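target24.cif follows; it contains mmCIF, C-alpha atoms.
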```
data_final
loop_
_atom_site.label_atom_id
_atom_site.label_comp_id
_atom_site.auth_asym_id
_atom_site.auth_seq_id
_atom_site.Cartn_x
_atom_site.Cartn_y
_atom_site.Cartn_z
CA MET A 765 17.06 8.20 6.32
CA THR A 766 20.12 6.85 4.52
CA VAL A 767 20.21 3.75 2.32
CA ALA A 768 22.34 1.98 4.96
CA GLU A 769 19.80 2.80 7.68
CA ARG A 770 16.90 1.50 5.58
CA LYS A 771 18.78 -1.74 4.90
CA ALA A 772 19.53 -2.12 8.60
CA ILE A 773 15.89 -1.61 9.54
CA ARG A 774 14.79 -4.20 6.97
CA LYS A 775 17.36 -6.69 8.23
CA VAL A 776 16.49 -6.26 11.89
CA ALA A 777 12.73 -6.25 11.25
CA GLY A 778 13.09 -9.44 9.22
CA GLN A 779 15.03 -11.10 12.03
CA HIS A 780 12.43 -10.06 14.60
CA LEU A 781 9.60 -11.39 12.42
CA ARG A 782 11.30 -14.78 12.27
CA THR A 783 12.15 -15.06 15.96
CA ALA A 784 9.00 -13.51 17.46
CA TYR A 785 6.33 -14.65 14.98
CA GLY A 786 7.84 -17.39 12.83
CA ILE A 787 7.29 -15.30 9.68
CA LYS A 788 9.94 -15.45 6.97
CA VAL A 789 10.14 -12.71 4.36
CA LYS A 790 11.34 -13.43 0.83
CA LYS A 791 13.83 -10.90 -0.48
CA TRP A 792 12.94 -8.90 -3.56
CA ASN A 793 15.35 -8.22 -6.42
CA GLU A 794 16.97 -4.88 -5.57
CA LYS A 795 18.87 -4.93 -8.89
CA LYS A 796 15.53 -5.07 -10.68
CA GLN A 797 14.43 -1.94 -8.79
CA VAL A 798 17.62 -0.13 -9.81
CA ARG A 799 17.10 -1.23 -13.43
CA TYR A 800 13.59 0.22 -13.41
CA GLU A 801 14.87 3.52 -12.07
CA SER A 802 17.74 3.67 -14.57
CA THR A 803 15.41 3.06 -17.54
CA ALA A 804 12.73 5.54 -16.48
CA THR A 805 11.77 7.88 -19.31
CA LYS A 806 9.91 11.15 -19.60
CA SER A 807 6.82 9.33 -20.85
CA THR A 808 3.51 10.77 -19.64
CA LYS A 809 2.03 7.30 -19.25
CA VAL A 810 0.45 6.75 -15.82
CA PHE A 811 -1.14 3.31 -15.94
CA GLY A 812 0.71 0.01 -16.20
CA VAL A 813 4.05 1.61 -15.27
CA PRO A 814 6.27 0.41 -12.36
CA LEU A 815 6.08 2.69 -9.33
CA GLU A 816 9.81 3.39 -9.66
CA CYS A 817 9.36 4.87 -13.16
CA LEU A 818 6.54 7.31 -12.45
CA PRO A 819 7.01 11.04 -11.83
CA CYS A 820 6.71 11.53 -8.09
CA SER A 821 6.03 14.11 -5.43
CA GLN A 822 8.34 14.05 -2.43
CA MET A 823 6.45 13.52 0.82
CA GLU A 824 7.92 13.42 4.33
CA TYR A 825 7.89 9.60 4.22
CA GLY A 826 9.12 9.11 0.64
CA SER A 827 8.25 9.48 -3.03
CA VAL A 828 4.63 9.06 -4.16
CA PRO A 829 3.44 9.10 -7.80
CA CYS A 830 2.07 12.52 -8.74
CA PHE A 831 -1.12 10.98 -10.13
CA LEU A 832 -1.90 9.34 -6.80
CA VAL A 833 -1.19 12.52 -4.83
CA ASP A 834 -3.42 14.58 -7.14
CA ALA A 835 -6.20 11.98 -7.17
CA CYS A 836 -6.29 11.71 -3.37
CA MET A 837 -6.34 15.50 -3.00
CA ASN A 838 -9.21 15.66 -5.50
CA LEU A 839 -11.20 12.99 -3.66
CA LEU A 840 -10.70 14.66 -0.28
CA GLU A 841 -12.65 17.62 -1.68
CA HIS A 842 -15.56 15.20 -2.21
CA VAL A 843 -14.94 12.94 0.80
CA ASP A 844 -18.62 12.98 1.83
CA THR A 845 -19.72 11.36 -1.45
CA GLU A 846 -21.77 8.30 -0.52
CA GLY A 847 -20.29 4.98 -1.67
CA LEU A 848 -16.87 6.42 -2.53
CA PHE A 849 -14.84 3.59 -4.18
CA ARG A 850 -17.88 1.28 -4.01
CA VAL A 851 -19.96 3.07 -6.65
CA SER A 852 -18.26 2.64 -10.03
CA GLY A 853 -18.40 4.86 -13.09
CA SER A 854 -18.84 3.67 -16.67
CA LEU A 855 -15.99 1.37 -17.79
CA ALA A 856 -16.01 2.95 -21.26
CA HIS A 857 -15.82 6.42 -19.72
CA LEU A 858 -12.94 5.33 -17.45
CA LYS A 859 -11.00 4.03 -20.46
CA THR A 860 -11.44 7.41 -22.16
CA LEU A 861 -10.22 9.24 -19.06
CA GLN A 862 -7.29 6.84 -18.76
CA LYS A 863 -6.21 7.60 -22.32
CA LYS A 864 -6.39 11.33 -21.63
CA LEU A 865 -4.23 11.00 -18.51
CA ASP A 866 -1.75 8.72 -20.30
CA SER A 867 -1.41 11.34 -23.02
CA GLY A 868 -0.44 13.97 -20.46
CA GLU A 869 -3.73 15.84 -20.09
CA GLU A 870 -4.47 17.36 -16.67
CA TYR A 871 -8.01 16.08 -16.47
CA LEU A 872 -8.74 15.05 -12.89
CA SER A 873 -10.34 18.35 -11.86
CA ALA A 874 -13.06 17.82 -14.47
CA CYS A 875 -13.87 14.26 -13.33
CA ARG A 876 -16.70 13.14 -11.10
CA PRO A 877 -15.63 11.67 -7.73
CA CYS A 878 -16.70 8.14 -8.74
CA ASP A 879 -14.54 8.44 -11.88
CA VAL A 880 -11.47 9.60 -9.92
CA ALA A 881 -11.98 6.74 -7.46
CA GLY A 882 -12.30 4.34 -10.42
CA LEU A 883 -9.05 5.65 -11.89
CA VAL A 884 -7.25 5.10 -8.58
CA LYS A 885 -8.48 1.49 -8.57
CA LYS A 886 -7.32 1.03 -12.19
CA PHE A 887 -3.94 2.52 -11.30
CA PHE A 888 -3.34 -0.13 -8.62
CA LYS A 889 -4.91 -2.93 -10.65
CA GLU A 890 -2.65 -2.28 -13.66
CA LEU A 891 0.66 -1.96 -11.80
CA PRO A 892 3.12 -4.54 -13.24
CA GLU A 893 3.77 -5.66 -9.65
CA PRO A 894 1.18 -5.22 -6.86
CA VAL A 895 1.92 -2.41 -4.43
CA LEU A 896 2.25 -5.16 -1.81
CA PRO A 897 4.75 -7.30 -3.75
CA THR A 898 3.66 -10.81 -4.64
CA LYS A 899 6.65 -12.37 -2.83
CA MET A 900 5.63 -10.70 0.43
CA GLN A 901 1.89 -11.32 0.33
CA GLU A 902 2.00 -14.74 2.01
CA ALA A 903 3.90 -13.19 4.92
CA PHE A 904 1.25 -10.50 5.32
CA LEU A 905 -1.50 -13.13 5.21
CA LYS A 906 0.32 -15.31 7.75
CA ALA A 907 0.50 -12.36 10.13
CA GLN A 908 -3.31 -12.29 10.22
CA HIS A 909 -3.32 -15.81 11.73
CA LEU A 910 -1.49 -14.70 14.87
CA PRO A 911 -3.50 -15.22 18.09
CA THR A 912 -3.97 -11.63 19.32
CA LYS A 913 -4.82 -8.36 17.63
CA GLU A 914 -1.69 -6.82 19.16
CA ASP A 915 0.49 -9.50 17.57
CA ARG A 916 -1.28 -9.22 14.20
CA THR A 917 -0.88 -5.46 14.15
CA CYS A 918 2.74 -5.50 15.29
CA ALA A 919 3.72 -8.18 12.75
CA THR A 920 1.94 -6.33 9.93
CA MET A 921 3.68 -3.07 10.79
CA LEU A 922 7.03 -4.88 11.02
CA LEU A 923 6.38 -6.26 7.54
CA SER A 924 5.68 -2.73 6.34
CA CYS A 925 9.26 -1.88 7.41
CA VAL A 926 10.55 -4.56 5.03
CA LEU A 927 8.66 -3.29 1.97
CA PRO A 928 10.61 -1.79 -0.94
CA ASP A 929 10.87 1.99 -0.66
CA ALA A 930 8.32 2.75 -3.40
CA SER A 931 5.75 0.31 -2.01
CA GLN A 932 6.22 1.56 1.54
CA SER A 933 5.69 5.23 0.70
CA VAL A 934 2.69 4.50 -1.54
CA MET A 935 1.06 2.29 1.11
CA ARG A 936 1.64 5.01 3.70
CA HIS A 937 0.04 7.59 1.43
CA ILE A 938 -2.99 5.58 0.34
CA SER A 939 -3.59 4.28 3.88
CA GLU A 940 -3.51 7.75 5.42
CA PHE A 941 -5.90 8.92 2.71
CA LEU A 942 -8.28 6.00 3.30
CA LEU A 943 -8.16 6.68 7.04
CA LYS A 944 -9.41 10.22 6.34
CA VAL A 945 -12.18 8.80 4.13
CA SER A 946 -13.19 6.34 6.87
CA LYS A 947 -13.47 9.15 9.42
CA ARG A 948 -16.27 10.60 7.28
CA SER A 949 -18.19 7.31 7.15
CA ALA A 950 -21.26 8.90 8.78
CA LYS A 951 -21.66 10.75 5.46
CA ASN A 952 -20.02 8.51 2.84
CA LYS A 953 -20.96 5.13 4.39
CA MET A 954 -17.39 3.89 3.81
CA ASP A 955 -15.70 2.95 7.08
CA SER A 956 -12.34 1.19 7.13
CA ALA A 957 -13.98 -2.25 6.94
CA ASN A 958 -16.00 -1.29 3.84
CA LEU A 959 -12.96 0.31 2.19
CA SER A 960 -10.92 -2.84 2.86
CA LEU A 961 -13.66 -5.00 1.37
CA VAL A 962 -13.74 -2.94 -1.84
CA LEU A 963 -10.03 -2.20 -2.28
CA ALA A 964 -8.06 -5.18 -0.94
CA PRO A 965 -8.51 -7.34 -4.09
CA THR A 966 -7.37 -4.37 -6.19
CA LEU A 967 -4.27 -3.49 -4.17
CA LEU A 968 -3.18 -7.12 -3.93
CA GLN A 969 -4.34 -7.78 -7.52
CA SER A 970 -6.36 -10.85 -6.55
CA GLY A 971 -9.53 -9.59 -8.22
CA GLY A 972 -9.22 -12.13 -11.03
CA VAL A 973 -10.26 -15.11 -8.89
CA THR A 974 -12.63 -17.20 -11.03
CA LYS A 975 -13.43 -20.08 -8.66
CA MET A 976 -14.81 -18.86 -5.35
CA ASP A 977 -14.33 -21.85 -3.06
CA GLY A 978 -13.64 -21.93 0.67
CA ASN A 979 -9.91 -21.34 0.24
CA ALA A 980 -10.48 -18.33 -2.03
CA GLU A 981 -12.97 -16.83 0.40
CA ARG A 982 -10.56 -17.27 3.31
CA ARG A 983 -7.75 -15.64 1.36
CA LEU A 984 -9.94 -12.67 0.41
CA GLN A 985 -10.87 -12.20 4.06
CA LEU A 986 -7.22 -12.26 5.08
CA GLU A 987 -6.43 -9.68 2.36
CA ARG A 988 -9.16 -7.45 3.78
CA ASP A 989 -7.65 -7.88 7.24
CA VAL A 990 -4.24 -6.80 5.92
CA LEU A 991 -5.57 -3.61 4.33
CA HIS A 992 -7.78 -2.90 7.34
CA CYS A 993 -4.68 -3.06 9.55
CA PHE A 994 -2.82 -0.69 7.22
CA ILE A 995 -5.68 1.82 7.31
CA GLU A 996 -6.17 1.68 11.07
CA ASN A 997 -2.41 2.09 11.68
CA ALA A 998 -1.58 4.33 8.73
CA HIS A 999 0.77 6.65 10.63
CA HIS A 1000 2.88 3.72 11.86
CA ILE A 1001 3.64 2.23 8.43
CA GLY A 1002 7.38 1.86 8.01
CA ASN A 1003 8.30 2.63 11.62
CA ASN A 1004 6.38 0.09 13.78
CA ALA A 1005 5.75 2.76 16.40
CA HIS A 1006 2.53 0.87 17.17
CA ASN A 1007 4.40 -1.26 19.69
CA SER A 1008 6.82 0.80 21.77
CA GLN A 1009 8.56 -2.22 23.31
CA THR A 1010 9.20 -3.83 19.92
CA ASN A 1011 10.24 -0.48 18.49
CA GLN A 1012 12.77 -0.04 21.32
CA THR A 1013 14.13 -3.54 20.66
CA LEU A 1014 14.49 -2.76 16.96
CA ASN A 1015 16.31 0.50 17.69
CA ILE A 1016 18.76 -1.30 20.00
CA ASN A 1017 19.37 -4.02 17.42
CA ILE A 1018 19.87 -1.45 14.66
CA ARG A 1019 22.47 0.40 16.76
CA CYS A 1020 24.20 -2.92 17.41
CA HIS A 1021 24.15 -3.63 13.68
CA PHE A 1022 25.96 -0.37 12.90
CA SER A 1023 28.43 -0.79 15.75
CA MET A 1024 29.52 -4.12 14.22
CA CYS A 1025 29.87 -2.71 10.69
#
```
Can you give me the file's structure in the form of structure tokens?
Amino acid sequence: MTVAERKAIRKVAGQHLRTAYGIKVKKWNEKKQVRYESTATKSTKVFGVPLECLPCSQMEYGSVPCFLVDACMNLLEHVDTEGLFRVSGSLAHLKTLQKKLDSGEEYLSACRPCDVAGLVKKFFKELPEPVLPTKMQEAFLKAQHLPTKEDRTCATMLLSCVLPDASQSVMRHISEFLLKVSKRSAKNKMDSANLSLVLAPTLLQSGGVTKMDGNAERRLQLERDVLHCFIENAHHIGNNAHNSQTNQTLNINIRCHFSMC
């Protein structure tokens, strides 16, 4: 897909979100993304680095950081491990492993599954900007207030079309991986609801909430609903194929957009 096509999809999806669901999406700073890419170095550092600056593997749906690809592949070999992502390893041990990975050591194959899962959580927690960008989070949460499940799912998938390229491809990758984990829940006890409960605060970086009042609890539940929707519709992220009628409307509007250019 060309840059022009991606921009057209974002524009049309944004328009449809406003007219159909009353959801407005704040634009992110595309110049900032270009600046990140232009200043990327050959550093081996994995944690605390913008997605755009990390060495990536090219997947069919976009670029995904090599660490995340390797970690997910490693965990799939141990997908039946009970409490995957819920059971945590030693924090001190995780810090040691993090230093090894940041220094360029290929160390994942020697790690226990709970340690690899802990490193994945640290990776998302330490991103300078959450994988679901801060400026878009309110829109994702608002989508969960829509009256029907069909509307909530369609709006969430439309919002996935508006994500920056790096965020979209990473969310597609991690969601497809978590879907595979959830399908083994008879063994690992981690269905999509449990995975959302454990990982939503990490992916949205809201884990630092200190005062747990009613508003905070409601927000955390909405965050879980967002991630749950991503997991359950992993293959539709970035294309909104979940709703064929809406997808047809988008395709028509995109063609109209190009015909007027």
Cut-off 9 Å: closest stretch 838-957 of chain A/stretch 986-1002 of chain A atom pairs per residue, using all atoms listed in the file, as CSV:
```
residue,atom,partner,partner_atom,distance
A:Gln901,CA,A:Glu987,CA,8.7
A:Phe904,CA,A:Val990,CA,6.6
A:Leu905,CA,A:Leu986,CA,5.8
A:Lys906,CA,A:Leu986,CA,8.6
A:Ala907,CA,A:Val990,CA,8.4
A:Gln908,CA,A:Leu986,CA,6.5
A:His909,CA,A:Leu986,CA,8.5
A:Arg916,CA,A:Cys993,CA,8.4
A:Thr917,CA,A:Cys993,CA,6.4
A:Thr920,CA,A:Val990,CA,7.4
A:Met921,CA,A:Ile1001,CA,5.8
A:Leu922,CA,A:Gly1002,CA,7.4
A:Leu923,CA,A:Gly1002,CA,8.2
A:Ser924,CA,A:Gly1002,CA,5.2
A:Cys925,CA,A:Gly1002,CA,4.2
A:Val926,CA,A:Gly1002,CA,7.8
A:Leu927,CA,A:Gly1002,CA,8.0
A:Gln932,CA,A:Gly1002,CA,6.6
A:Ser933,CA,A:Gly1002,CA,8.2
A:Met935,CA,A:Ile1001,CA,7.8
A:Arg936,CA,A:Ile1001,CA,5.8
A:His937,CA,A:Ala998,CA,8.2
A:Ile938,CA,A:Ile995,CA,8.4
A:Ser939,CA,A:Ile995,CA,4.7
A:Glu940,CA,A:Ala998,CA,5.1
A:Phe941,CA,A:Ile995,CA,8.5
A:Leu942,CA,A:Ile995,CA,6.3
A:Leu943,CA,A:Ile995,CA,5.5
A:Ser946,CA,A:Ile995,CA,8.8
A:Ser956,CA,A:His992,CA,6.1
A:Ala957,CA,A:His992,CA,6.2
```
Expanded to explicit residues, what is the PyMOL selection byres ((chain A and resi 871) around 12) for this file, as a PyMOL selection string? chain A and resi 831+834-835+838+858+860-870+872-876+879-880+883
Neighbours of A:Ala950 within 12 Å (all atoms listed in the file; same-chain residues fewer than 5 positions away dropped), as an mmCIF file with C-alpha atoms, keeping the file's coordinate frame?
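The resulting file, around.cif, is reproduced below:
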```cif
data_model
loop_
_atom_site.group_PDB
_atom_site.id
_atom_site.type_symbol
_atom_site.label_atom_id
_atom_site.label_comp_id
_atom_site.auth_asym_id
_atom_site.auth_seq_id
_atom_site.Cartn_x
_atom_site.Cartn_y
_atom_site.Cartn_z
ATOM 1 C CA VAL A 843 -14.940 12.940 0.800
ATOM 2 C CA ASP A 844 -18.620 12.980 1.830
ATOM 3 C CA THR A 845 -19.720 11.360 -1.450
ATOM 4 C CA GLU A 846 -21.770 8.300 -0.520
ATOM 5 C CA GLY A 847 -20.290 4.980 -1.670
ATOM 6 C CA VAL A 945 -12.180 8.800 4.130
ATOM 7 C CA ASP A 955 -15.700 2.950 7.080
ATOM 8 C CA SER A 956 -12.340 1.190 7.130
#
```
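Once A:Ile773 and its same-chain neighbours fewer than 3 positions away are set aside, A:Glu769, A:Arg770, A:Val776, A:Ala777, A:Cys925, A:Ile1018 remain within 7 Å of it when counting all atoms listed in the file.
Distance-wise, atom CA of A:Leu839 and atom CA of A:Ser854 end up 17.7 Å apart.
For the structure in this document, the set picked by the PyMOL selection byres ((chain A and resi 848) around 7) is A:Thr845, A:Glu846, A:Gly847, A:Phe849, A:Arg850, A:Val851, A:Cys878, A:Ala881, A:Asn952, A:Met954.
Distance-wise, atom CA of A:Leu967 and atom CA of A:Pro897 end up 9.8 Å apart.
With distances taken over all atoms listed in the file, A:Ser931 is the one residue among A:Asn1003, A:Ser949, A:Ser960, A:Ser931 lying closest to A:Val828.
Ranking A:Val810, A:Val895, A:Leu963, A:Val789 by their shortest atom-to-atom distance to A:Lys775, with only C-alpha atoms included, puts A:Val789 first.
Pairwise distance (atom CA of A:Pro829, atom CA of A:Cys918) equals 27.3 Å.
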Which residues of stretch 922-995 of chain A come within 10 Å of stretch 814-818 of chain A, and for each one, what is the closest pair of atoms and their distance in Å to one decimal, counting only C-alpha atoms, sorted by chain and residue number, as CSV?
```
residue,atom,partner,partner_atom,distance
A:Asp929,CA,A:Glu816,CA,9.2
A:Ala930,CA,A:Leu815,CA,6.3
A:Ser931,CA,A:Leu815,CA,7.7
A:Val934,CA,A:Leu815,CA,8.7
```
Name the residues, using the chain letters and numbers of the file, that sit within 10 Å of (-0.4, 1.3, -13.9) when counting all atoms listed in the file, and give them as a PyMOL selection string. chain A and resi 809-815+818+866+883-894
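Of the listed residues A:Leu984, A:Ala919, A:Ala964, A:Cys830, the one whose atoms come nearest to A:Gln779 is A:Ala919, with distances taken using all atoms listed in the file.
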Taking N, CA, C and O atoms as the atom set, what does stretch 930-954 of chain A look like once completed, written as a PDB file, in the coordinates of the input?
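Final file, rebuild_26.pdb:
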```pdb
ATOM      1  N   ALA A 930       9.462   2.219  -2.639  1.00  0.00           N
ATOM      2  CA  ALA A 930       8.320   2.750  -3.400  1.00  0.00           C
ATOM      3  C   ALA A 930       7.010   2.205  -2.842  1.00  0.00           C
ATOM      4  O   ALA A 930       6.031   2.949  -2.662  1.00  0.00           O
ATOM      5  N   SER A 931       6.967   0.923  -2.551  1.00  0.00           N
ATOM      6  CA  SER A 931       5.750   0.310  -2.010  1.00  0.00           C
ATOM      7  C   SER A 931       5.425   0.878  -0.635  1.00  0.00           C
ATOM      8  O   SER A 931       4.262   1.161  -0.315  1.00  0.00           O
ATOM      9  N   GLN A 932       6.444   1.062   0.183  1.00  0.00           N
ATOM     10  CA  GLN A 932       6.220   1.560   1.540  1.00  0.00           C
ATOM     11  C   GLN A 932       5.629   2.966   1.529  1.00  0.00           C
ATOM     12  O   GLN A 932       4.658   3.248   2.236  1.00  0.00           O
ATOM     13  N   SER A 933       6.186   3.850   0.714  1.00  0.00           N
ATOM     14  CA  SER A 933       5.690   5.230   0.700  1.00  0.00           C
ATOM     15  C   SER A 933       4.292   5.316   0.083  1.00  0.00           C
ATOM     16  O   SER A 933       3.451   6.094   0.555  1.00  0.00           O
ATOM     17  N   VAL A 934       4.021   4.491  -0.931  1.00  0.00           N
ATOM     18  CA  VAL A 934       2.690   4.500  -1.540  1.00  0.00           C
ATOM     19  C   VAL A 934       1.653   3.930  -0.579  1.00  0.00           C
ATOM     20  O   VAL A 934       0.544   4.469  -0.438  1.00  0.00           O
ATOM     21  N   MET A 935       1.996   2.848   0.130  1.00  0.00           N
ATOM     22  CA  MET A 935       1.060   2.290   1.110  1.00  0.00           C
ATOM     23  C   MET A 935       0.810   3.260   2.248  1.00  0.00           C
ATOM     24  O   MET A 935      -0.320   3.358   2.749  1.00  0.00           O
ATOM     25  N   ARG A 936       1.829   3.997   2.645  1.00  0.00           N
ATOM     26  CA  ARG A 936       1.640   5.010   3.700  1.00  0.00           C
ATOM     27  C   ARG A 936       0.680   6.091   3.210  1.00  0.00           C
ATOM     28  O   ARG A 936      -0.249   6.488   3.919  1.00  0.00           O
ATOM     29  N   HIS A 937       0.870   6.519   1.958  1.00  0.00           N
ATOM     30  CA  HIS A 937       0.040   7.590   1.430  1.00  0.00           C
ATOM     31  C   HIS A 937      -1.410   7.158   1.252  1.00  0.00           C
ATOM     32  O   HIS A 937      -2.333   7.853   1.708  1.00  0.00           O
ATOM     33  N   ILE A 938      -1.620   6.015   0.608  1.00  0.00           N
ATOM     34  CA  ILE A 938      -2.990   5.580   0.340  1.00  0.00           C
ATOM     35  C   ILE A 938      -3.698   5.210   1.640  1.00  0.00           C
ATOM     36  O   ILE A 938      -4.900   5.455   1.803  1.00  0.00           O
ATOM     37  N   SER A 939      -2.967   4.665   2.601  1.00  0.00           N
ATOM     38  CA  SER A 939      -3.590   4.280   3.880  1.00  0.00           C
ATOM     39  C   SER A 939      -3.999   5.504   4.685  1.00  0.00           C
ATOM     40  O   SER A 939      -5.082   5.531   5.289  1.00  0.00           O
ATOM     41  N   GLU A 940      -3.149   6.525   4.706  1.00  0.00           N
ATOM     42  CA  GLU A 940      -3.510   7.750   5.420  1.00  0.00           C
ATOM     43  C   GLU A 940      -4.715   8.415   4.761  1.00  0.00           C
ATOM     44  O   GLU A 940      -5.601   8.942   5.438  1.00  0.00           O
ATOM     45  N   PHE A 941      -4.751   8.368   3.431  1.00  0.00           N
ATOM     46  CA  PHE A 941      -5.900   8.920   2.710  1.00  0.00           C
ATOM     47  C   PHE A 941      -7.174   8.142   3.049  1.00  0.00           C
ATOM     48  O   PHE A 941      -8.214   8.741   3.352  1.00  0.00           O
ATOM     49  N   LEU A 942      -7.102   6.816   3.015  1.00  0.00           N
ATOM     50  CA  LEU A 942      -8.280   6.000   3.300  1.00  0.00           C
ATOM     51  C   LEU A 942      -8.733   6.167   4.749  1.00  0.00           C
ATOM     52  O   LEU A 942      -9.935   6.097   5.048  1.00  0.00           O
ATOM     53  N   LEU A 943      -7.793   6.408   5.652  1.00  0.00           N
ATOM     54  CA  LEU A 943      -8.160   6.680   7.040  1.00  0.00           C
ATOM     55  C   LEU A 943      -9.005   7.954   7.124  1.00  0.00           C
ATOM     56  O   LEU A 943     -10.001   8.003   7.860  1.00  0.00           O
ATOM     57  N   LYS A 944      -8.621   8.971   6.367  1.00  0.00           N
ATOM     58  CA  LYS A 944      -9.410  10.220   6.340  1.00  0.00           C
ATOM     59  C   LYS A 944     -10.800   9.965   5.758  1.00  0.00           C
ATOM     60  O   LYS A 944     -11.788  10.514   6.249  1.00  0.00           O
ATOM     61  N   VAL A 945     -10.872   9.140   4.720  1.00  0.00           N
ATOM     62  CA  VAL A 945     -12.180   8.800   4.130  1.00  0.00           C
ATOM     63  C   VAL A 945     -13.038   8.080   5.170  1.00  0.00           C
ATOM     64  O   VAL A 945     -14.226   8.383   5.336  1.00  0.00           O
ATOM     65  N   SER A 946     -12.432   7.127   5.895  1.00  0.00           N
ATOM     66  CA  SER A 946     -13.190   6.340   6.870  1.00  0.00           C
ATOM     67  C   SER A 946     -13.732   7.199   8.016  1.00  0.00           C
ATOM     68  O   SER A 946     -14.778   6.897   8.585  1.00  0.00           O
ATOM     69  N   LYS A 947     -13.021   8.280   8.333  1.00  0.00           N
ATOM     70  CA  LYS A 947     -13.470   9.150   9.420  1.00  0.00           C
ATOM     71  C   LYS A 947     -14.702   9.961   9.041  1.00  0.00           C
ATOM     72  O   LYS A 947     -15.300  10.603   9.908  1.00  0.00           O
ATOM     73  N   ARG A 948     -15.059   9.920   7.747  1.00  0.00           N
ATOM     74  CA  ARG A 948     -16.270  10.600   7.280  1.00  0.00           C
ATOM     75  C   ARG A 948     -17.359   9.586   6.931  1.00  0.00           C
ATOM     76  O   ARG A 948     -18.266   9.870   6.153  1.00  0.00           O
ATOM     77  N   SER A 949     -17.265   8.387   7.519  1.00  0.00           N
ATOM     78  CA  SER A 949     -18.190   7.310   7.150  1.00  0.00           C
ATOM     79  C   SER A 949     -19.642   7.612   7.516  1.00  0.00           C
ATOM     80  O   SER A 949     -20.560   7.027   6.931  1.00  0.00           O
ATOM     81  N   ALA A 950     -19.885   8.521   8.460  1.00  0.00           N
ATOM     82  CA  ALA A 950     -21.260   8.900   8.780  1.00  0.00           C
ATOM     83  C   ALA A 950     -21.944   9.511   7.555  1.00  0.00           C
ATOM     84  O   ALA A 950     -23.165   9.392   7.388  1.00  0.00           O
ATOM     85  N   LYS A 951     -21.143  10.133   6.688  1.00  0.00           N
ATOM     86  CA  LYS A 951     -21.660  10.750   5.460  1.00  0.00           C
ATOM     87  C   LYS A 951     -21.495   9.820   4.250  1.00  0.00           C
ATOM     88  O   LYS A 951     -22.430   9.627   3.470  1.00  0.00           O
ATOM     89  N   ASN A 952     -20.290   9.275   4.072  1.00  0.00           N
ATOM     90  CA  ASN A 952     -20.020   8.510   2.840  1.00  0.00           C
ATOM     91  C   ASN A 952     -20.309   7.019   2.956  1.00  0.00           C
ATOM     92  O   ASN A 952     -20.213   6.285   1.969  1.00  0.00           O
ATOM     93  N   LYS A 953     -20.628   6.543   4.159  1.00  0.00           N
ATOM     94  CA  LYS A 953     -20.960   5.130   4.390  1.00  0.00           C
ATOM     95  C   LYS A 953     -19.793   4.192   4.104  1.00  0.00           C
ATOM     96  O   LYS A 953     -19.991   3.000   3.867  1.00  0.00           O
ATOM     97  N   MET A 954     -18.565   4.713   4.120  1.00  0.00           N
ATOM     98  CA  MET A 954     -17.390   3.890   3.810  1.00  0.00           C
ATOM     99  C   MET A 954     -16.410   3.934   4.991  1.00  0.00           C
ATOM    100  O   MET A 954     -15.495   4.753   5.028  1.00  0.00           O
TER     101      MET A 954
END
```
